[in-house]
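The data block below is final_28.txt; it holds compact mmCIF, C-alpha atoms.
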```txt
# COMPACT_ATOMS: atom_id res chain seq x y z
CA ASP A 1 9.20 -1.04 22.34
CA GLY A 2 8.58 -2.32 18.83
CA GLY A 3 5.58 -1.04 17.00
CA ILE A 4 3.98 1.28 14.50
CA THR A 5 3.80 4.97 15.33
CA GLN A 6 1.37 7.26 13.60
CA SER A 7 1.36 11.02 14.00
CA PRO A 8 -0.37 13.25 14.57
CA LYS A 9 -3.25 11.56 16.36
CA TYR A 10 -5.62 14.40 15.52
CA LEU A 11 -5.32 16.81 12.63
CA PHE A 12 -7.53 19.58 11.34
CA ARG A 13 -7.14 20.85 7.82
CA LYS A 14 -8.75 23.61 5.86
CA GLU A 15 -10.26 22.77 2.52
CA GLY A 16 -7.76 23.12 -0.30
CA GLN A 17 -4.74 22.27 1.82
CA ASN A 18 -2.55 19.21 1.54
CA VAL A 19 -1.67 17.33 4.72
CA THR A 20 0.86 14.58 5.40
CA LEU A 21 0.31 11.79 7.92
CA SER A 22 3.39 10.13 9.33
CA CYS A 23 3.86 6.38 9.81
CA GLU A 24 7.03 4.89 11.27
CA GLN A 25 7.68 1.26 12.21
CA ASN A 26 10.62 -0.29 14.02
CA LEU A 27 9.54 -3.88 13.46
CA ASN A 28 11.86 -4.31 10.45
CA HIS A 29 8.78 -5.16 8.38
CA ASP A 30 9.05 -5.12 4.61
CA ALA A 31 5.50 -4.26 3.64
CA MET A 32 3.51 -1.24 4.74
CA TYR A 33 -0.10 -0.23 4.11
CA TRP A 34 -2.47 2.70 4.45
CA TYR A 35 -6.17 2.14 5.12
CA ARG A 36 -9.01 4.56 5.48
CA GLN A 37 -11.90 3.98 7.89
CA ASP A 38 -15.09 6.01 7.86
CA PRO A 39 -17.34 6.01 10.96
CA GLY A 40 -19.17 2.72 11.29
CA GLN A 41 -17.51 1.37 8.18
CA GLY A 42 -14.90 -1.19 7.29
CA LEU A 43 -11.33 -0.49 6.24
CA ARG A 44 -10.46 0.37 2.67
CA LEU A 45 -6.97 0.13 1.21
CA ILE A 46 -5.43 3.36 -0.10
CA TYR A 47 -1.83 2.40 -0.97
CA TYR A 48 0.63 -0.32 -0.10
CA SER A 49 4.35 -0.88 -0.46
CA GLN A 50 6.17 -4.20 -0.39
CA ILE A 51 9.72 -2.86 -0.69
CA VAL A 52 11.56 0.44 -0.48
CA ASN A 53 11.08 2.78 -3.45
CA ASP A 54 8.08 0.84 -4.71
CA PHE A 55 4.36 1.16 -3.96
CA GLN A 56 1.02 0.25 -5.52
CA LYS A 57 -2.42 1.80 -5.54
CA GLY A 58 -5.12 0.22 -3.46
CA ASP A 59 -8.86 0.46 -3.95
CA ILE A 60 -9.26 4.17 -3.19
CA ALA A 61 -5.96 5.86 -4.17
CA GLU A 62 -7.44 8.92 -5.90
CA GLY A 63 -6.53 12.11 -4.05
CA TYR A 64 -3.73 10.48 -2.06
CA SER A 65 0.00 10.09 -2.56
CA VAL A 66 2.73 8.15 -0.74
CA SER A 67 6.48 7.64 -0.72
CA ARG A 68 8.71 4.84 0.57
CA GLU A 69 12.24 6.20 0.74
CA LYS A 70 13.12 4.26 3.88
CA LYS A 71 12.06 0.82 5.04
CA GLU A 72 10.70 2.14 8.32
CA SER A 73 8.72 5.08 6.96
CA PHE A 74 5.62 5.30 4.75
CA PRO A 75 4.06 8.80 4.87
CA LEU A 76 0.64 9.48 3.34
CA THR A 77 -0.27 12.82 1.80
CA VAL A 78 -3.93 13.70 1.57
CA THR A 79 -4.16 16.18 -1.26
CA SER A 80 -6.75 18.83 -1.99
CA ALA A 81 -8.00 16.56 -4.77
CA GLN A 82 -9.46 14.15 -2.20
CA LYS A 83 -13.11 15.16 -2.08
CA ASN A 84 -14.07 13.67 1.28
CA PRO A 85 -10.88 13.46 3.34
CA THR A 86 -12.43 13.49 6.81
CA ALA A 87 -11.77 9.98 8.15
CA PHE A 88 -9.71 7.79 10.44
CA TYR A 89 -6.46 6.75 8.76
CA LEU A 90 -4.67 3.56 9.72
CA CYS A 91 -1.14 2.56 8.87
CA ALA A 92 -0.12 -1.10 8.99
CA SER A 93 2.90 -3.26 8.35
CA ARG A 94 3.75 -6.88 7.70
CA ARG A 95 6.89 -8.98 7.82
CA GLY A 96 8.25 -10.36 4.57
CA SER A 97 6.84 -13.24 2.55
CA SER A 98 7.08 -15.65 5.47
CA GLY A 99 4.54 -13.82 7.56
CA ASN A 100 0.92 -12.93 6.91
CA THR A 101 0.01 -11.06 10.06
CA ILE A 102 -0.62 -7.40 9.45
CA TYR A 103 -0.16 -5.11 12.44
CA PHE A 104 -1.85 -1.74 12.76
CA GLY A 105 -0.87 1.56 14.28
CA GLU A 106 -3.17 3.57 16.53
CA GLY A 107 -4.54 5.68 13.72
CA SER A 108 -4.80 9.36 12.83
CA TRP A 109 -8.03 11.32 12.80
CA LEU A 110 -8.21 13.87 10.00
CA THR A 111 -10.96 16.47 10.00
CA VAL A 112 -11.44 18.98 7.21
CA VAL A 113 -12.90 22.26 8.43
CA GLN B 1 -17.16 -4.96 -5.63
CA GLN B 2 -17.38 -6.11 -2.05
CA GLN B 3 -15.23 -9.21 -1.89
CA VAL B 4 -15.85 -9.98 1.77
CA LYS B 5 -19.37 -9.68 3.16
CA GLN B 6 -19.88 -9.64 6.92
CA SER B 7 -23.03 -10.05 8.98
CA PRO B 8 -24.67 -8.98 11.18
CA GLN B 9 -23.76 -5.28 11.36
CA SER B 10 -24.43 -5.24 15.08
CA LEU B 11 -25.04 -7.76 17.81
CA ILE B 12 -26.21 -7.58 21.40
CA VAL B 13 -25.51 -10.54 23.65
CA GLN B 14 -25.87 -11.17 27.36
CA LYS B 15 -22.82 -11.84 29.48
CA GLY B 16 -21.96 -15.51 29.25
CA GLY B 17 -23.70 -15.92 25.91
CA ILE B 18 -22.28 -16.81 22.50
CA SER B 19 -21.56 -14.20 19.84
CA ILE B 20 -21.54 -15.43 16.26
CA ILE B 21 -20.33 -13.36 13.31
CA ASN B 22 -20.38 -14.63 9.75
CA CYS B 23 -18.36 -13.75 6.66
CA ALA B 24 -18.52 -14.83 3.05
CA TYR B 25 -15.91 -14.29 0.38
CA GLU B 26 -15.84 -14.48 -3.39
CA ASN B 27 -12.20 -14.69 -4.40
CA THR B 28 -11.02 -18.31 -4.39
CA ALA B 29 -7.39 -17.08 -4.38
CA PHE B 30 -7.76 -15.99 -0.75
CA ASP B 31 -5.70 -18.24 1.50
CA TYR B 32 -5.53 -16.44 4.82
CA PHE B 33 -8.52 -15.38 6.92
CA PRO B 34 -7.89 -13.28 10.05
CA TRP B 35 -10.27 -11.68 12.48
CA TYR B 36 -9.49 -8.31 14.02
CA GLN B 37 -10.88 -6.66 17.13
CA GLN B 38 -11.11 -2.88 17.29
CA PHE B 39 -11.94 -0.66 20.25
CA PRO B 40 -13.15 2.91 19.67
CA GLY B 41 -10.38 5.24 18.58
CA LYS B 42 -7.82 2.45 18.35
CA GLY B 43 -6.25 0.48 15.55
CA PRO B 44 -7.49 -3.07 14.89
CA ALA B 45 -5.64 -5.87 16.68
CA LEU B 46 -5.33 -9.41 15.36
CA LEU B 47 -7.53 -11.80 17.30
CA ILE B 48 -7.25 -15.14 15.53
CA ALA B 49 -6.60 -16.36 11.99
CA ILE B 50 -7.12 -19.48 9.92
CA ARG B 51 -5.93 -20.99 6.66
CA PRO B 52 -8.21 -23.02 4.37
CA ASP B 53 -6.49 -26.33 5.09
CA VAL B 54 -8.27 -26.59 8.46
CA SER B 55 -11.98 -26.34 9.25
CA GLU B 56 -11.73 -24.97 12.76
CA LYS B 57 -9.28 -23.14 14.99
CA LYS B 58 -9.76 -22.34 18.64
CA GLU B 59 -7.87 -19.93 20.87
CA GLY B 60 -9.32 -19.53 24.32
CA ARG B 61 -12.91 -18.33 24.03
CA PHE B 62 -12.55 -17.52 20.33
CA THR B 63 -13.17 -20.06 17.56
CA ILE B 64 -13.05 -19.72 13.80
CA SER B 65 -15.10 -22.15 11.72
CA PHE B 66 -14.20 -22.37 8.04
CA ASN B 67 -16.22 -23.86 5.18
CA LYS B 68 -14.12 -23.82 2.03
CA SER B 69 -16.79 -25.23 -0.31
CA ALA B 70 -19.30 -22.60 0.79
CA LYS B 71 -16.62 -19.86 0.89
CA GLN B 72 -17.74 -18.89 4.36
CA PHE B 73 -16.11 -18.49 7.74
CA SER B 74 -17.36 -17.42 11.11
CA LEU B 75 -16.16 -16.24 14.51
CA HIS B 76 -17.68 -17.63 17.68
CA ILE B 77 -17.06 -15.86 20.97
CA MET B 78 -17.93 -18.20 23.82
CA ASP B 79 -18.82 -17.00 27.33
CA SER B 80 -18.98 -13.41 26.07
CA GLN B 81 -17.77 -10.77 28.55
CA PRO B 82 -18.43 -7.02 28.72
CA GLY B 83 -14.76 -6.47 27.84
CA ASP B 84 -15.45 -8.17 24.50
CA SER B 85 -17.63 -5.22 23.49
CA ALA B 86 -15.89 -3.95 20.37
CA THR B 87 -16.11 -3.96 16.61
CA TYR B 88 -14.97 -7.15 14.92
CA PHE B 89 -13.72 -7.34 11.36
CA CYS B 90 -13.17 -10.40 9.24
CA ALA B 91 -10.63 -10.13 6.47
CA ALA B 92 -9.05 -12.16 3.72
CA SER B 93 -5.85 -12.04 1.73
CA GLY B 94 -4.17 -13.91 -1.08
CA ALA B 95 -0.76 -14.04 -2.64
CA ALA B 96 -0.92 -10.69 -4.47
CA GLY B 97 0.76 -8.30 -2.05
CA ASN B 98 -0.84 -10.05 0.87
CA LYS B 99 -3.05 -7.03 1.25
CA LEU B 100 -6.08 -7.54 3.43
CA THR B 101 -9.63 -7.09 2.18
CA PHE B 102 -11.94 -6.35 5.08
CA GLY B 103 -15.57 -7.07 5.77
CA GLY B 104 -17.80 -4.20 6.85
CA GLY B 105 -17.48 -4.92 10.57
CA THR B 106 -19.79 -6.08 13.36
CA ARG B 107 -20.32 -4.00 16.47
CA VAL B 108 -20.74 -6.33 19.43
CA LEU B 109 -22.23 -5.18 22.72
CA VAL B 110 -22.10 -7.56 25.66
CA LYS B 111 -24.60 -6.63 28.37
CA PRO B 112 -23.67 -7.44 31.97
```
Produce structure tokens that represent the structure in this file.
Amino acid sequence: DGGITQSPKYLFRKEGQNVTLSCEQNLNHDAMYWYRQDPGQGLRLIYYSQIVNDFQKGDIAEGYSVSREKKESFPLTVTSAQKNPTAFYLCASRRGSSGNTIYFGEGSWLTVV
Amino acid sequence: QQQVKQSPQSLIVQKGGISIINCAYENTAFDYFPWYQQFPGKGPALLIAIRPDVSEKKEGRFTISFNKSAKQFSLHIMDSQPGDSATYFCAASGAAGNKLTFGGGTRVLVKP
């Protein structure tokens, strides 16, 4: 089945540790995105990438890093510099310039303990 | 700067009633306005979307109304059902990266 796979679904991290969230898509989409969602809040853009080996900061990039070495993969690293990392993280993707629809994965819950 | 403002934050409607959610935007470069539905613990799913060249779009029980001059758009859920209970997000995007800017969300509860 085509789709966006995020892993792990649930992750616990100790303060001071970096953690990487995986996002893989087999939709052959060009663009990929990472959003953060806090409980009862809207979605805020962390990073996005329109092509391989290129990515741009979103609205809340501080404390996060990404890479886009392959078209189908866009991992997000939450670093120890992120002051409030506990949140629901959503990966999304979009077809090239001819499509506007952005599709989301099922999300990853990160809790800092 | 909140570029897309959504109201109300929550809404309770009786089964069979109409749910209405409103959004306002500031950036006139936005040219695509989708609505997403999200169930607890799940990723948002596209519900319906509209472009500014039309004033209304209907898909089943869901209708988007769009007012370009007022920079406002709204979602109407007709004949609301308990299965419609979810959080609804409006969003907007323009040419720059086609990244979506989301409203704050509306939690809808449909009572049987």
Show me as a PyMOL selection string the residues that reach within 8 Å of (7.1, -0.6, 11.6), counting all atoms listed in the file and using the file's own coordinates. chain A and resi 2-5+23-29+32+72-73+92-93
Point-to-point distance from CA of Lys111 in chain B to CA of Gln9 in chain B, Å rounded to tenths: 17.1 Å
Residue nearest Gly42 in chain A among A:Val19, A:Leu90, A:Asn84, A:Lys9 (counting all atoms listed in the file): A:Leu90
Do a neighbour search on Leu75 in chain B at 6 Å with all atoms listed in the file, toss out local chain neighbours closer than 5 positions, and write the hits as a PDB file with C-alpha atoms, in the coordinates of the input.
```
ATOM      1  CA  ILE B  20     -21.540 -15.430  16.260  1.00  0.00           C
ATOM      2  CA  ILE B  21     -20.330 -13.360  13.310  1.00  0.00           C
ATOM      3  CA  THR B  63     -13.170 -20.060  17.560  1.00  0.00           C
ATOM      4  CA  ILE B  64     -13.050 -19.720  13.800  1.00  0.00           C
TER       5      ILE B  64
END
```
Test item: chain A residues at most 8 Å from chain B, counting all atoms listed in the file, as a short mmCIF file (atom, residue, chain, number, x, y, z; two decimals) with C-alpha atoms, keeping the file's coordinate frame:
```
data_model
loop_
_atom_site.label_atom_id
_atom_site.label_comp_id
_atom_site.auth_asym_id
_atom_site.auth_seq_id
_atom_site.Cartn_x
_atom_site.Cartn_y
_atom_site.Cartn_z
CA TYR A 33 -0.10 -0.23 4.11
CA GLY A 40 -19.17 2.72 11.29
CA GLN A 41 -17.51 1.37 8.18
CA GLY A 42 -14.90 -1.19 7.29
CA LEU A 43 -11.33 -0.49 6.24
CA ARG A 44 -10.46 0.37 2.67
CA LEU A 45 -6.97 0.13 1.21
CA TYR A 48 0.63 -0.32 -0.10
CA GLN A 50 6.17 -4.20 -0.39
CA LEU A 90 -4.67 3.56 9.72
CA ASN A 100 0.92 -12.93 6.91
CA THR A 101 0.01 -11.06 10.06
CA ILE A 102 -0.62 -7.40 9.45
CA TYR A 103 -0.16 -5.11 12.44
CA PHE A 104 -1.85 -1.74 12.76
CA GLY A 105 -0.87 1.56 14.28
CA GLU A 106 -3.17 3.57 16.53
CA GLY A 107 -4.54 5.68 13.72
#
```
Could you work out how far CA of Cys23 in chain B lies from CA of Gln56 in chain A, giving the answer in Å with one decimal?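 Pair CA of Gln56 in chain A / CA of Cys23 in chain B returns 26.8 Å.
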Write out as a compact mmCIF listing (two decimals) with C-alpha atoms, in the frame of the given file the residues lying within 8 Å of range 77-79 of chain B, counting all atoms listed in the file and excluding same-chain residues fewer than 5 positions away.
```txt
# COMPACT_ATOMS: atom_id res chain seq x y z
CA LYS B 15 -22.82 -11.84 29.48
CA GLY B 16 -21.96 -15.51 29.25
CA GLY B 17 -23.70 -15.92 25.91
CA ILE B 18 -22.28 -16.81 22.50
CA SER B 19 -21.56 -14.20 19.84
CA ILE B 20 -21.54 -15.43 16.26
CA ARG B 61 -12.91 -18.33 24.03
CA PHE B 62 -12.55 -17.52 20.33
CA THR B 63 -13.17 -20.06 17.56
```
Can you measure CA of Tyr47 in chain A to CA of Pro52 in chain B for me? One decimal in Å is fine.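 Distance reported for this atom pair: 26.7 Å.
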Using only C-alpha atoms, which protein or nucleic acid residues come within 12 Å of Lys71 in chain B? Drop anything in the same chain fewer than 6 positions from it, and give the result as a short mmCIF file (atom, residue, chain, number, x, y, z; two decimals) with C-alpha atoms, keeping the file's coordinate frame.
```cif
data_model
loop_
_atom_site.label_atom_id
_atom_site.label_comp_id
_atom_site.auth_asym_id
_atom_site.auth_seq_id
_atom_site.Cartn_x
_atom_site.Cartn_y
_atom_site.Cartn_z
CA GLN B 3 -15.23 -9.21 -1.89
CA VAL B 4 -15.85 -9.98 1.77
CA LYS B 5 -19.37 -9.68 3.16
CA ASN B 22 -20.38 -14.63 9.75
CA CYS B 23 -18.36 -13.75 6.66
CA ALA B 24 -18.52 -14.83 3.05
CA TYR B 25 -15.91 -14.29 0.38
CA GLU B 26 -15.84 -14.48 -3.39
CA ASN B 27 -12.20 -14.69 -4.40
CA THR B 28 -11.02 -18.31 -4.39
CA ALA B 29 -7.39 -17.08 -4.38
CA PHE B 30 -7.76 -15.99 -0.75
CA ASP B 31 -5.70 -18.24 1.50
CA PHE B 33 -8.52 -15.38 6.92
CA PRO B 52 -8.21 -23.02 4.37
CA SER B 55 -11.98 -26.34 9.25
CA SER B 65 -15.10 -22.15 11.72
CA ALA B 92 -9.05 -12.16 3.72
#
```
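If you measure from each of B:Phe73, B:Pro112, B:Ile50, B:Ala86 to Ser7 in chain B using all atoms listed in the file, the closest one turns out to be B:Phe73.
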Might you pull out every residue within 8 Å of Val110 in chain B, with all atoms listed in the file counted and same-chain residues fewer than 5 positions away left off, and present them as a list in words? Ile12, Val13, Gln14, Lys15, Ser80, Gln81, Pro82, Gly83, Asp84 and Ser85 of chain B
With all heavy atoms as the target, complete range 46-57 of chain B and hand it back as a PDB file, keeping the file's coordinate frame.
```pdb
ATOM      1  N   LEU B  46      -5.060  -8.039  15.783  1.00  0.00           N
ATOM      2  CA  LEU B  46      -5.330  -9.410  15.360  1.00  0.00           C
ATOM      3  C   LEU B  46      -5.821 -10.243  16.528  1.00  0.00           C
ATOM      4  O   LEU B  46      -5.224 -10.274  17.595  1.00  0.00           O
ATOM      5  CB  LEU B  46      -4.058 -10.040  14.779  1.00  0.00           C
ATOM      6  CG  LEU B  46      -4.212 -11.484  14.314  1.00  0.00           C
ATOM      7  CD1 LEU B  46      -5.126 -11.549  13.098  1.00  0.00           C
ATOM      8  CD2 LEU B  46      -2.845 -12.085  14.002  1.00  0.00           C
ATOM      9  N   LEU B  47      -6.926 -10.954  16.279  1.00  0.00           N
ATOM     10  CA  LEU B  47      -7.530 -11.800  17.300  1.00  0.00           C
ATOM     11  C   LEU B  47      -7.183 -13.267  17.077  1.00  0.00           C
ATOM     12  O   LEU B  47      -6.670 -13.962  17.931  1.00  0.00           O
ATOM     13  CB  LEU B  47      -9.049 -11.604  17.256  1.00  0.00           C
ATOM     14  CG  LEU B  47      -9.908 -12.070  18.402  1.00  0.00           C
ATOM     15  CD1 LEU B  47      -9.506 -11.372  19.688  1.00  0.00           C
ATOM     16  CD2 LEU B  47     -11.385 -11.792  18.084  1.00  0.00           C
ATOM     17  N   ILE B  48      -7.460 -13.741  15.887  1.00  0.00           N
ATOM     18  CA  ILE B  48      -7.250 -15.140  15.530  1.00  0.00           C
ATOM     19  C   ILE B  48      -7.306 -15.226  14.012  1.00  0.00           C
ATOM     20  O   ILE B  48      -7.945 -14.412  13.363  1.00  0.00           O
ATOM     21  CB  ILE B  48      -8.333 -16.035  16.194  1.00  0.00           C
ATOM     22  CG1 ILE B  48      -8.074 -17.512  15.967  1.00  0.00           C
ATOM     23  CG2 ILE B  48      -9.722 -15.634  15.739  1.00  0.00           C
ATOM     24  CD1 ILE B  48      -9.018 -18.433  16.759  1.00  0.00           C
ATOM     25  N   ALA B  49      -6.608 -16.212  13.448  1.00  0.00           N
ATOM     26  CA  ALA B  49      -6.600 -16.360  11.990  1.00  0.00           C
ATOM     27  C   ALA B  49      -6.606 -17.828  11.617  1.00  0.00           C
ATOM     28  O   ALA B  49      -6.193 -18.686  12.408  1.00  0.00           O
ATOM     29  CB  ALA B  49      -5.376 -15.666  11.401  1.00  0.00           C
ATOM     30  N   ILE B  50      -7.034 -18.104  10.376  1.00  0.00           N
ATOM     31  CA  ILE B  50      -7.120 -19.480   9.920  1.00  0.00           C
ATOM     32  C   ILE B  50      -6.715 -19.563   8.452  1.00  0.00           C
ATOM     33  O   ILE B  50      -6.846 -18.588   7.709  1.00  0.00           O
ATOM     34  CB  ILE B  50      -8.554 -20.047  10.114  1.00  0.00           C
ATOM     35  CG1 ILE B  50      -8.574 -21.575  10.044  1.00  0.00           C
ATOM     36  CG2 ILE B  50      -9.519 -19.434   9.107  1.00  0.00           C
ATOM     37  CD1 ILE B  50      -9.892 -22.179  10.511  1.00  0.00           C
ATOM     38  N   ARG B  51      -6.204 -20.701   8.057  1.00  0.00           N
ATOM     39  CA  ARG B  51      -5.930 -20.990   6.660  1.00  0.00           C
ATOM     40  C   ARG B  51      -6.909 -22.049   6.184  1.00  0.00           C
ATOM     41  O   ARG B  51      -7.427 -22.817   6.988  1.00  0.00           O
ATOM     42  CB  ARG B  51      -4.483 -21.465   6.488  1.00  0.00           C
ATOM     43  CG  ARG B  51      -3.464 -20.367   6.745  1.00  0.00           C
ATOM     44  CD  ARG B  51      -2.072 -20.785   6.307  1.00  0.00           C
ATOM     45  NE  ARG B  51      -1.113 -19.718   6.507  1.00  0.00           N
ATOM     46  CZ  ARG B  51      -0.906 -18.748   5.624  1.00  0.00           C
ATOM     47  NH1 ARG B  51      -1.597 -18.715   4.506  1.00  0.00           N
ATOM     48  NH2 ARG B  51      -0.007 -17.822   5.851  1.00  0.00           N
ATOM     49  N   PRO B  52      -7.153 -22.145   4.871  1.00  0.00           N
ATOM     50  CA  PRO B  52      -8.210 -23.020   4.370  1.00  0.00           C
ATOM     51  C   PRO B  52      -7.941 -24.515   4.480  1.00  0.00           C
ATOM     52  O   PRO B  52      -8.803 -25.312   4.121  1.00  0.00           O
ATOM     53  CB  PRO B  52      -8.363 -22.583   2.910  1.00  0.00           C
ATOM     54  CG  PRO B  52      -7.123 -21.884   2.561  1.00  0.00           C
ATOM     55  CD  PRO B  52      -6.595 -21.284   3.814  1.00  0.00           C
ATOM     56  N   ASP B  53      -6.756 -24.899   4.978  1.00  0.00           N
ATOM     57  CA  ASP B  53      -6.490 -26.330   5.090  1.00  0.00           C
ATOM     58  C   ASP B  53      -7.041 -26.934   6.385  1.00  0.00           C
ATOM     59  O   ASP B  53      -6.953 -28.144   6.591  1.00  0.00           O
ATOM     60  CB  ASP B  53      -4.984 -26.610   4.985  1.00  0.00           C
ATOM     61  CG  ASP B  53      -4.162 -25.768   5.950  1.00  0.00           C
ATOM     62  OD1 ASP B  53      -4.688 -24.763   6.465  1.00  0.00           O
ATOM     63  OD2 ASP B  53      -3.000 -26.118   6.184  1.00  0.00           O
ATOM     64  N   VAL B  54      -7.618 -26.096   7.241  1.00  0.00           N
ATOM     65  CA  VAL B  54      -8.270 -26.590   8.460  1.00  0.00           C
ATOM     66  C   VAL B  54      -9.695 -26.048   8.509  1.00  0.00           C
ATOM     67  O   VAL B  54      -9.992 -24.991   7.949  1.00  0.00           O
ATOM     68  CB  VAL B  54      -7.513 -26.191   9.740  1.00  0.00           C
ATOM     69  CG1 VAL B  54      -6.140 -26.812   9.757  1.00  0.00           C
ATOM     70  CG2 VAL B  54      -7.415 -24.686   9.847  1.00  0.00           C
ATOM     71  N   SER B  55     -10.578 -26.754   9.194  1.00  0.00           N
ATOM     72  CA  SER B  55     -11.980 -26.340   9.250  1.00  0.00           C
ATOM     73  C   SER B  55     -12.326 -25.584  10.528  1.00  0.00           C
ATOM     74  O   SER B  55     -13.374 -24.942  10.600  1.00  0.00           O
ATOM     75  CB  SER B  55     -12.895 -27.556   9.129  1.00  0.00           C
ATOM     76  OG  SER B  55     -12.648 -28.464  10.194  1.00  0.00           O
ATOM     77  N   GLU B  56     -11.439 -25.663  11.507  1.00  0.00           N
ATOM     78  CA  GLU B  56     -11.730 -24.970  12.760  1.00  0.00           C
ATOM     79  C   GLU B  56     -10.430 -24.667  13.493  1.00  0.00           C
ATOM     80  O   GLU B  56      -9.479 -25.433  13.451  1.00  0.00           O
ATOM     81  CB  GLU B  56     -12.627 -25.842  13.653  1.00  0.00           C
ATOM     82  CG  GLU B  56     -13.099 -25.168  14.920  1.00  0.00           C
ATOM     83  CD  GLU B  56     -14.083 -26.021  15.704  1.00  0.00           C
ATOM     84  OE1 GLU B  56     -15.257 -26.098  15.295  1.00  0.00           O
ATOM     85  OE2 GLU B  56     -13.657 -26.619  16.706  1.00  0.00           O
ATOM     86  N   LYS B  57     -10.422 -23.509  14.158  1.00  0.00           N
ATOM     87  CA  LYS B  57      -9.280 -23.140  14.990  1.00  0.00           C
ATOM     88  C   LYS B  57      -9.808 -22.458  16.232  1.00  0.00           C
ATOM     89  O   LYS B  57     -10.677 -21.592  16.148  1.00  0.00           O
ATOM     90  CB  LYS B  57      -8.333 -22.214  14.239  1.00  0.00           C
ATOM     91  CG  LYS B  57      -7.085 -21.843  15.034  1.00  0.00           C
ATOM     92  CD  LYS B  57      -6.125 -21.044  14.190  1.00  0.00           C
ATOM     93  CE  LYS B  57      -4.866 -20.702  14.969  1.00  0.00           C
ATOM     94  NZ  LYS B  57      -3.906 -19.921  14.141  1.00  0.00           N
TER      95      LYS B  57
END
```
